[in-house]
Amino acid sequence: MPELPEVETIKNQLNNFLPLKIKHVFFSDKTSRLIRQKDFKLESGIITNIYRKGKFLIFNFDNPDHFLISHLGMSGSWRISDKKLVGNEAKHAHIVIEGDKKVLSYVDPRRFGLAYFLNKENFEKKINSFPIDISEPTFDAVHIKNIFDQNPNKVLKTLLLDQKKFSGVGNYIASEICARAKILPTRVVSTLTQKDCTNIKAAIDLIIYGALKGSGTTFGGGYRDAFGEKGEGVNHLVVFHQKICQMCKKTEVIKITLGGRGTYYCPHCQK
Ligand SMILES: [Zn+2]
């Protein structure tokens, strides 16, 4: 599933090709679940820029009353190409925006993505309901401690996956945060100190930077960036999908299931 670094990567890649003047828009016949709201018809205008909030991409247009919010779901991606996609990729392209210089396609084989075409009023309602995400400057160690104080009985890794509290964290990032912060994923958060929170904040920054440097992280043929390439962020992982811990380089990584999700940790490095 695309997580924050993957969404950030796609956003940065797409912005290199903006502004894009829209010539023609095509929707596949399988968009009933994808398109959740359509306040306006996307058929002309200019995409001026794209920014990210949590795992959502937000498209701005020259018309200040038009906004597109896009969530990539399990397997979604926005592709930028010179010509329309062909073959298997074209089959899964559900929104195709032909622009004056490039073609922008929303490709989603499993179709768990979401798209909202909103006017300003509805956009502001929606965006204000989004929590701050882990990459924002105000998401600091004090903020993390407050979350823990409000949810004292929760298990660390399970709480990290709560999108209302740790917006942008997904399964692989949650395991990696615990590892880099040297804390067992099974710890109850009331036992964590302010120092632990500082370490968690440092771990978040390190992981986002590592994954971004590798243009996102791809597992077994999932995520693709805006050019259809796999991410290389997997090279930065220390426990997730690893046999030996990449921090101490000697201890076998243990895999458990926590809250129904595969969870990896090093019994030597994490306490
Ligand atoms: Zn280790």
# chains A, B, ... in the order shown; residues from 1 in each chain; ligands from 1
call {"tool": "residues_around", "arguments": {"residues": "segment 29-46 of chain A", "least_positions_apart": "2", "cutoff": "8 Å", "atoms": "only C-alpha atoms", "output": "number ranges by chain"}}
result
A: 19-25, 27, 48, 61-63, 66, 94, 111-119
call {"tool": "residues_around", "arguments": {"residues": "segment 169-184 of chain A", "least_positions_apart": "3", "cutoff": "9 Å", "atoms": "only C-alpha atoms", "output": "VMD selection string"}}
result
chain A and resid 1 to 4 54 to 55 133 to 134 156 to 158 160 to 163 166 187 192 196 to 204 206 to 208 237 to 241 247 261 to 267 269 to 271
call {"tool": "select_by_dssp", "arguments": {"residues": "segment 36-158 of chain A", "states": "alpha helix (DSSP H)", "output": "number ranges by chain"}}
result
A: 87-91, 120-128, 141-150, 156-158
call {"tool": "closest_residue", "arguments": {"among": "A:Leu85, A:Ala90, A:Ile254, A:Leu104", "to": "Ile10 of chain A", "atoms": "only C-alpha atoms"}}
result
A:Leu104
call {"tool": "residues_around", "arguments": {"residues": "Ala226 of chain A", "least_positions_apart": "4", "cutoff": "8 Å", "atoms": "only C-alpha atoms", "output": "count of residues only"}}
result
7
call {"tool": "atom_distance", "arguments": {"atom1": "atom CA of Glu98 of chain A", "atom2": "atom CA of Ser28 of chain A"}}
result
13.9 Å
call {"tool": "select_by_dssp", "arguments": {"residues": "segment 17-94 of chain A", "states": "strand (DSSP E)", "output": "MDAnalysis selection string"}}
result
chainID A and resid 20:27 35:38 46:53 56:61 67:71 77:81 93:94
call {"tool": "closest_residue", "arguments": {"among": "A:Glu252, A:Asp140, A:Glu89, A:Glu6", "to": "ligand 1", "atoms": "only C-alpha atoms and all ligand atoms"}}
result
A:Glu252
call {"tool": "atom_distance", "arguments": {"atom1": "atom CA of Ala93 of chain A", "atom2": "atom CA of Asp108 of chain A"}}
result
6.5 Å
call {"tool": "atom_distance", "arguments": {"atom1": "atom CA of Leu72 of chain A", "atom2": "atom CA of Tyr223 of chain A"}}
result
9.9 Å
call {"tool": "closest_residue", "arguments": {"among": "A:Ile147, A:Val253, A:Ile97, A:Cys248", "to": "ligand 1", "atoms": "only C-alpha atoms and all ligand atoms"}}
result
A:Cys248
